[in-house]
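Everything below concerns the one structure shown next.
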Amino acid sequence: MRYIKMPKFLGLGKKRALLGLGLGLKYSVMLFSASVLTDQDIHGHKSCPRSNPAYNTQVLSSGLGAMGKTLKPPPRSLEELVKEGHDHGLKNGALDKASRDKLIKEKRSQLLLNIWDAHRMGRSIEKASILLVGSSGVGKSSTINHLFGLSEEESITFAKTSDSKSETRTTTEYVIEVDSPVRFEASGLKLGLVDTPGFNDTDGTKQDACNFYSIREFYDKHMKGCKPNLVLILIQATDTRIQGENSNLAKSLRCLKSLKLIDTKYPNVVAVLTWSTALGERPAKYTKNITRKKEIVKETIFEFLNVHAPVVALENEIEDLEEDGEFTILPDGTRQVKNLYSACEQVMKKSGDLYGHLIFNEAFNLGKKKVSQGKRIQAKNAKVSKLSKEENEFFEFFTQALAGGTPDPLVHEAKEFIEKENLKDNKNITEIQSLVGSLKKMGVNDLNDLNYISSKGMKLKHHDEISGNGEKFLNSMGVKDTTYHVGQDSAAVIAQGYNILNDSIVPSQIFSYQESDTKYGIAIPALAQLKPVNETQTFMFSYDTKEKLIQDRLAHLNVSLNVDVSKFNFSAKAGFNLNSSTSTDAHSKELSFYLEERMFELSMGNFMSNDIVLTEDFKNAVKNLPKVFNVEDAGVRSKFEQFFDRWGHFVVTKAIGGGSVELRVNTSSFSSQFKDINSIKGSLIASFNSGFFNTDASVDGSDGNSKTVTSKQIFDSSTVKWSGGAREFHKKRTIGDEHMMDTWRNSLITSPTMLTTDMYLEPISTLIQLVDETKCEAAYESLKDFLGGKFDVVAKRQADAKEAERKRKEAEAEAERKRQQEEANTRAKTTQSTPSNKGKGGGCIHLDSTTQVLRDGAEITLQLKELVVGDVVLGYDTKKKTPVYTKLIMWAHTDKITPTKFLHLELEDGSGIKLTMEHLIMVGESYCTKMAKHVEEGDLLFKKNVGFLKVSKISEVVETGFCCPITESGNIMVNGILTSCYANLSDICIFGKTLISAQTVGRIVSAPFMAYRKISKDDGKAMVSDTHYHPYVMFLRTVFRPLISY
């Protein structure tokens, strides 16, 4: 947006002087006319505030959400979480992926899953927490108030320190309480903002240690030892003491690290450069200086905190900045505080902290908030107070950290590599730092841990592409390029036969294939494809009957079968528990808890492909099979039985690679403490979910029983069986050591095994058909006889059928689209038209869009191209917030032949609207207008009979046909979605304040034509063919174009 800035004179500052106002109005009208009628985008930034219509002044007090639903607070403790989770069928959060995907569709279950995940990460259940670190005067108060949009009544003022003496020696929490009435229907979500004493106390290092100890004591006492969801490190942009190991920033970061609140596994750090426009108000100078400053801070944080943290710039004196809705614009065009919000969101999403992100997001949205002071810890006065043993130990540790401590080996290697290779490009440096971040997340603490990782295998864990420099860096630390061969694995299962009656792989080789290397350092059969998975699954099922156990086992193999239990001869697999018939036996038996670390998925290609080659042994075996199966013929039956015993009843077409650990617990000693087997199961799952076994911890039963069993009891009563990974970690004590467990997981990169809990199977009769079609039916009939009835490969057949149908429809749609596009291009060439990105002269709506029309007293739905001038169409009264009918007064612009780029804005309910880039649409509760190209995912659009829905997806499409209908109300419901009739308009702003909204400007310019319409006879005119501008639009374009300098 173009702003008019009045100079400061006579000490008046930026006053809305009459002269400035008059000039601004004149200039704005000129801009408006041009914006309606030209291709120029005057509006340089998005103009919609971060309003959330779900909020209103009554939410926090009434406890009611959308549609009048009662809001419920989240669990505040592990006990409450366990109990409510059990009621929702969450089984303490340990769910297989299918169960999670099913439950996540229900709002409360999704909320509980997010809280479980936060608990596993070491975050607080009670509330989210942001730790604020920075010296006095750095701008903590203004940053937080601006970030969370706190009103004057809600605003927080953090403690200040005088220039001569340190006075802030208290760690103080301020709590923002918000509701989530739409997304999770939850009330009382709490976000704690923890203000801390500044570094470099005037009373010396010992007082610094006492101040920092108060921070640690706060999190130990009031946050139960949990780490903060975010650590905001605020640094004044003009501070010159930020580079070098002896700089103030380096020292303060080393002291911060001593608190053990920085999470290198799930990074939680964001750095903020405050008062940033002091580095230059001109865009070029500011951009140069702030970019260099960010690089220095990022490198320093990486070196001393060992995390890859984003760095954002803010200006705290926002009155001097141009406004863009609820945001302000920095000299380089960055929208603040959206930049800080995005950085925090990025950190929490990347670390998997969805609960923290939820609370942070709700607090960020504008709306009613309750702000109060929370807990506080007063630091001791080092001069007069005697320090405890723990405080003295911390002082010694703090002093060592201040002096430099021991450098992190991975960070040291990264720093040396960057210097040695003379890497200057920020992209290359960021990649090296990002790789270190991934290694930290994997639990790698020193160079010895890298012995179990391959540079290619890292691509299974590192989500970004690894360049040549990245691989070179890994190799420089001793990471080797080893290759694991799936085909040589004794537990290889892909493309092998499967005997379903005894639940086992058969050794005979059905396929003849060569190995094919992958970029992940895993050599696989050439007929298979590899896909990274990276997930943990836990299994602990119990069954009352063998029939139920077998049915569930078959479901995990994606086979549906009428079970004849007598035909199956296999025992329960790891994680599948068959209950005994008596309660006494139930408590004396062993229970199996099974965990799989899944690294990748292997799947076979199309059986009909020419690349599939069957072994000669298999072909010969098929040739010896009878062509007809007769159940009464013992000889025929024997031949098929021998064939299935050797080659299997099915062939494995999809399987998982990784590693596993089974924990078998003797439950006899727990019988007096738990009511039933589910209580024991709940404790086992909770123990593993809490970061595996803390041998001193106690865990409540999943039924809310107050009696507990310690992890040590479980640990002592169990035996362990491992599969995959380095053998030196196949020890019982590995489970109780988080670092050893992490290293075992990492060793699966170079030494995985194939897992058999979840697989896809294909009947062997399919392969018999490839050899001899005449024997396929006999083989299928014999399979039915041996397996006890009709069967089907349920999930795979359904999935394959759906996928084939989807691809067929996509192919047909693509062919039709190309045909129409070719026709449109041909027509466009004949009229010397070219594909347009802007719809030639402004924004428009896709011709095939629909709206509701009143004709002959009845409401009907018509496409826009079917409307005529004078039709009464559905619009909306934004003041009364109710739908209204409004008359269509003209077609400002129509084009039926030009290929045009549209933005398809899809809503969360699947509906959508197609607009050209510059067309305006109403966004948010305030119905502010944005150009379509400025709409973002998450923005709220109004839909008839529904309310506000989030934009879930935005995509570009090139299609033919658009129009720009103008109504008396200035808006229209298109596909049920409220949109403006105008385009290429911007709010008129003076001194950075919105004076006239873009929608109002559109009404003003339309007013003369509306007056003319009262005496005209345009009613009944249909849309003109091909391409057309209305004469009134052409008149304005002619009159105003000479005045436009754009």
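We name chains A, B, ... following the order of the structure tokens; residues begin at 1 in each chain, and ligands are numbered from 1 as shown.
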
Compile a residue-level contact table for segment 285-394 of chain A against segment 138-158 of chain A at a cut-off of 9 Å, reporting for every qualifying residue the shortest atom pair and its distance in Å to one decimal, with only C-alpha atoms counted, rows ordered by chain and ascending number, as CSV.
residue,atom,partner,partner_atom,distance
A:Leu314,CA,A:Thr143,CA,7.9
A:Glu315,CA,A:Thr143,CA,8.6
A:Asn316,CA,A:Ser142,CA,6.1
A:Glu317,CA,A:Ser142,CA,8.4
A:Ile318,CA,A:His146,CA,9.0
A:Glu326,CA,A:Gly149,CA,8.2
A:Phe327,CA,A:His146,CA,8.9
A:Gln336,CA,A:Leu147,CA,8.5
A:Val337,CA,A:Leu147,CA,5.7
A:Lys338,CA,A:Leu147,CA,8.1
A:Leu340,CA,A:Leu147,CA,7.5
A:Tyr341,CA,A:Leu147,CA,7.3
A:Phe360,CA,A:Phe148,CA,8.8
A:Ala363,CA,A:Phe148,CA,6.1
A:Phe364,CA,A:Phe148,CA,4.6
A:Asn365,CA,A:Phe148,CA,7.2
A:Leu366,CA,A:Gly149,CA,6.2
A:Gly367,CA,A:Gly149,CA,8.6
A:Lys369,CA,A:Glu154,CA,7.4
A:Lys370,CA,A:Glu154,CA,7.2
A:Val371,CA,A:Glu154,CA,5.9
A:Ser372,CA,A:Glu154,CA,8.6

Just to be explicit: take each residue in the selection above, keep C-alpha atoms, and write the result as an mmCIF file, in the first residue's frame.
data_model
loop_
_atom_site.group_PDB
_atom_site.id
_atom_site.type_symbol
_atom_site.label_atom_id
_atom_site.label_comp_id
_atom_site.auth_asym_id
_atom_site.auth_seq_id
_atom_site.Cartn_x
_atom_site.Cartn_y
_atom_site.Cartn_z
ATOM 1 C CA LEU A 314 11.429 -6.417 15.307
ATOM 2 C CA GLU A 315 10.993 -2.702 15.769
ATOM 3 C CA ASN A 316 9.495 -1.912 19.160
ATOM 4 C CA GLU A 317 8.597 1.710 18.366
ATOM 5 C CA ILE A 318 5.719 0.684 16.107
ATOM 6 C CA GLU A 326 -2.867 -5.528 12.783
ATOM 7 C CA PHE A 327 0.729 -5.779 11.577
ATOM 8 C CA GLN A 336 5.877 -7.790 12.019
ATOM 9 C CA VAL A 337 4.880 -9.458 14.294
ATOM 10 C CA LYS A 338 3.808 -12.027 11.721
ATOM 11 C CA LEU A 340 7.948 -13.668 14.910
ATOM 12 C CA TYR A 341 4.753 -15.718 14.922
ATOM 13 C CA PHE A 360 0.395 -20.212 21.111
ATOM 14 C CA ALA A 363 -3.145 -16.607 22.154
ATOM 15 C CA PHE A 364 -1.848 -14.951 18.974
ATOM 16 C CA ASN A 365 -5.325 -14.538 17.477
ATOM 17 C CA LEU A 366 -7.117 -11.376 18.403
ATOM 18 C CA GLY A 367 -9.919 -11.840 20.898
ATOM 19 C CA LYS A 369 -7.819 -12.905 26.789
ATOM 20 C CA LYS A 370 -7.470 -13.168 30.528
ATOM 21 C CA VAL A 371 -4.053 -12.045 31.778
ATOM 22 C CA SER A 372 -2.867 -12.584 35.339
#

Open item on the list: Quick one: residues within 6 Å of Arg123 of chain A, only C-alpha atoms, excluding same-chain residues fewer than 3 positions away - as a count of residues only?
Closed with: 4

Task: Asn975 of chain A surroundings by only C-alpha atoms, 7 Å radius, close-in-sequence under 4 positions cut, as a PyMOL selection string - done: chain A and resi 849-851+913

Task: Members of segment 262-385 of chain A assigned strand (DSSP E) by DSSP, as a VMD selection string - done: chain A and resid 269 to 274 311 to 313 322 to 324 327 to 329 335 to 336 370 to 378

For those residues, write N, CA, C and O atoms to a file as a short mmCIF file (atom, residue, chain, number, x, y, z; two decimals), in the first residue's frame.
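Written file, result.cif:
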data_model
loop_
_atom_site.label_atom_id
_atom_site.label_comp_id
_atom_site.auth_asym_id
_atom_site.auth_seq_id
_atom_site.Cartn_x
_atom_site.Cartn_y
_atom_site.Cartn_z
N VAL A 269 14.19 -22.89 20.54
CA VAL A 269 14.80 -21.56 20.64
C VAL A 269 14.46 -20.69 19.44
O VAL A 269 14.52 -21.15 18.29
N VAL A 270 14.08 -19.44 19.71
CA VAL A 270 13.90 -18.41 18.70
C VAL A 270 14.62 -17.15 19.20
O VAL A 270 14.46 -16.77 20.36
N ALA A 271 15.40 -16.51 18.33
CA ALA A 271 16.10 -15.28 18.70
C ALA A 271 15.40 -14.09 18.08
O ALA A 271 14.90 -14.16 16.96
N VAL A 272 15.38 -12.97 18.83
CA VAL A 272 14.70 -11.76 18.39
C VAL A 272 15.65 -10.58 18.50
O VAL A 272 16.20 -10.31 19.57
N LEU A 273 15.85 -9.89 17.38
CA LEU A 273 16.64 -8.66 17.37
C LEU A 273 15.67 -7.48 17.49
O LEU A 273 14.89 -7.21 16.58
N THR A 274 15.71 -6.79 18.63
CA THR A 274 14.76 -5.72 18.89
C THR A 274 15.32 -4.35 18.49
O THR A 274 16.52 -4.20 18.27
N VAL A 311 16.20 -16.50 13.50
CA VAL A 311 16.41 -15.16 14.07
C VAL A 311 15.51 -14.19 13.32
O VAL A 311 15.53 -14.13 12.09
N VAL A 312 14.70 -13.43 14.05
CA VAL A 312 13.80 -12.46 13.43
C VAL A 312 14.10 -11.07 13.97
O VAL A 312 14.62 -10.90 15.08
N ALA A 313 13.76 -10.07 13.18
CA ALA A 313 13.96 -8.67 13.57
C ALA A 313 12.63 -8.03 13.90
O ALA A 313 11.61 -8.30 13.25
N GLU A 322 4.76 1.91 9.08
CA GLU A 322 3.52 1.79 8.31
C GLU A 322 2.72 0.61 8.85
O GLU A 322 3.28 -0.40 9.26
N GLU A 323 1.41 0.75 8.83
CA GLU A 323 0.54 -0.31 9.33
C GLU A 323 -0.04 -1.12 8.18
O GLU A 323 -0.27 -0.61 7.10
N ASP A 324 -0.26 -2.38 8.46
CA ASP A 324 -0.92 -3.28 7.53
C ASP A 324 -1.89 -4.11 8.33
O ASP A 324 -1.55 -5.19 8.81
N PHE A 327 -0.71 -5.64 11.65
CA PHE A 327 0.73 -5.78 11.58
C PHE A 327 1.37 -4.46 11.15
O PHE A 327 0.69 -3.54 10.69
N THR A 328 2.67 -4.38 11.31
CA THR A 328 3.42 -3.20 10.87
C THR A 328 4.54 -3.65 9.94
O THR A 328 4.94 -4.82 9.95
N ILE A 329 5.05 -2.72 9.15
CA ILE A 329 5.98 -3.06 8.08
C ILE A 329 7.38 -2.54 8.39
O ILE A 329 7.56 -1.35 8.64
N ARG A 335 6.54 -8.12 7.41
CA ARG A 335 5.39 -7.81 8.26
C ARG A 335 5.68 -8.31 9.68
O ARG A 335 5.85 -9.49 9.90
N GLN A 336 5.74 -7.39 10.62
CA GLN A 336 5.88 -7.79 12.02
C GLN A 336 4.52 -7.58 12.70
O GLN A 336 3.77 -6.69 12.29
N LYS A 370 -7.56 -13.45 29.09
CA LYS A 370 -7.47 -13.17 30.53
C LYS A 370 -5.99 -13.22 30.90
O LYS A 370 -5.34 -14.24 30.72
N VAL A 371 -5.47 -12.13 31.43
CA VAL A 371 -4.05 -12.04 31.78
C VAL A 371 -3.92 -11.87 33.28
O VAL A 371 -4.59 -11.03 33.89
N SER A 372 -3.07 -12.67 33.89
CA SER A 372 -2.87 -12.58 35.34
C SER A 372 -1.42 -12.92 35.67
O SER A 372 -0.71 -13.51 34.86
N GLN A 373 -1.00 -12.52 36.86
CA GLN A 373 0.35 -12.89 37.31
C GLN A 373 0.31 -14.28 37.90
O GLN A 373 -0.58 -14.63 38.66
N GLY A 374 1.30 -15.09 37.52
CA GLY A 374 1.36 -16.48 38.00
C GLY A 374 2.36 -16.64 39.12
O GLY A 374 2.47 -15.82 40.03
N LYS A 375 3.15 -17.70 39.04
CA LYS A 375 4.12 -18.01 40.09
C LYS A 375 5.35 -17.11 39.97
O LYS A 375 5.62 -16.52 38.92
N ARG A 376 6.11 -17.03 41.05
CA ARG A 376 7.35 -16.26 41.00
C ARG A 376 8.36 -16.86 41.98
O ARG A 376 8.00 -17.45 43.00
N ILE A 377 9.62 -16.73 41.65
CA ILE A 377 10.72 -17.19 42.50
C ILE A 377 11.69 -16.02 42.69
O ILE A 377 12.22 -15.48 41.71
N GLN A 378 11.91 -15.65 43.94
CA GLN A 378 12.85 -14.57 44.26
C GLN A 378 14.26 -15.14 44.39
O GLN A 378 14.49 -16.11 45.12
#

- [ ] Please provide the set of residues having any atom within 10 Å of segment 746-755 of chain A, restricted to only C-alpha atoms, with same-chain residues fewer than 2 positions apart removed, written as a VMD selection string.
- [x] chain A and resid 439 442 to 444 449 to 461 480 to 486 489 to 494 520 to 522 596 to 602 655 to 660 723 to 727 729 740 to 744 757 to 759

Selection: 8 Å around Gly352 of chain A, only C-alpha atoms, excl. self and same-chain fewer than 4 positions, as a compact mmCIF listing (two decimals) with C-alpha atoms, in the first residue's frame:
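Final output, saved to selection_18.txt:
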# COMPACT_ATOMS: atom_id res chain seq x y z
CA ASP A 117 2.87 -36.07 22.49
CA ALA A 118 3.86 -32.92 24.43
CA TYR A 266 13.23 -31.04 20.15
CA MET A 348 7.14 -25.89 17.36

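Taking atom CA of Asn361 of chain A as the reference point, atom CA of Asp195 of chain A is found at 20.2 Å.
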
Task: All alpha helix (DSSP H) residues (DSSP, backbone) inside segment 937-1009 of chain A, as a ChimeraX atom specification - done: /A:998-1009

Task: Distance criterion (only C-alpha atoms): nearest to Ile714 of chain A out of A:Cys210, A:Leu410, A:Ala555, A:Val665 - done: A:Val665

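Proximity of A:Ala379, A:Val946, A:Leu261, A:Leu557 to Ser504 of chain A, computed with only C-alpha atoms, is greatest for A:Leu557.
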
Excluding same-chain residues fewer than 3 positions from Ala414 of chain A, what lies within 8 Å of it counting only C-alpha atoms, as an mmCIF file with N, CA, C and O atoms, in the first residue's frame?
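Result saved to result39.cif:
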data_model
loop_
_atom_site.group_PDB
_atom_site.id
_atom_site.type_symbol
_atom_site.label_atom_id
_atom_site.label_comp_id
_atom_site.auth_asym_id
_atom_site.auth_seq_id
_atom_site.Cartn_x
_atom_site.Cartn_y
_atom_site.Cartn_z
ATOM 1 N N LEU A 410 30.034 -31.949 18.026
ATOM 2 C CA LEU A 410 29.421 -31.824 16.703
ATOM 3 C C LEU A 410 29.469 -30.385 16.211
ATOM 4 O O LEU A 410 29.760 -30.131 15.034
ATOM 5 N N VAL A 411 29.185 -29.449 17.111
ATOM 6 C CA VAL A 411 29.230 -28.037 16.738
ATOM 7 C C VAL A 411 30.656 -27.630 16.387
ATOM 8 O O VAL A 411 30.890 -26.878 15.429
ATOM 9 N N PHE A 417 34.621 -27.356 9.806
ATOM 10 C CA PHE A 417 34.348 -27.706 8.409
ATOM 11 C C PHE A 417 33.987 -26.463 7.603
ATOM 12 O O PHE A 417 34.469 -26.281 6.471
ATOM 13 N N ILE A 418 33.149 -25.600 8.169
ATOM 14 C CA ILE A 418 32.749 -24.372 7.474
ATOM 15 C C ILE A 418 33.966 -23.491 7.196
ATOM 16 O O ILE A 418 34.111 -22.922 6.108
ATOM 17 N N ILE A 432 24.684 -27.226 6.890
ATOM 18 C CA ILE A 432 25.575 -27.881 7.856
ATOM 19 C C ILE A 432 24.988 -27.789 9.260
ATOM 20 O O ILE A 432 24.950 -28.773 10.009
ATOM 21 N N GLN A 433 24.490 -26.622 9.622
ATOM 22 C CA GLN A 433 23.881 -26.447 10.942
ATOM 23 C C GLN A 433 22.621 -27.294 11.075
ATOM 24 O O GLN A 433 22.354 -27.866 12.137
ATOM 25 N N VAL A 436 23.528 -30.873 11.810
ATOM 26 C CA VAL A 436 23.855 -31.037 13.232
ATOM 27 C C VAL A 436 22.569 -31.085 14.052
ATOM 28 O O VAL A 436 22.443 -31.888 14.979
ATOM 29 N N PHE A 473 30.634 -33.200 4.766
ATOM 30 C CA PHE A 473 30.704 -32.870 6.190
ATOM 31 C C PHE A 473 30.510 -34.126 7.040
ATOM 32 O O PHE A 473 31.259 -34.370 7.994
#
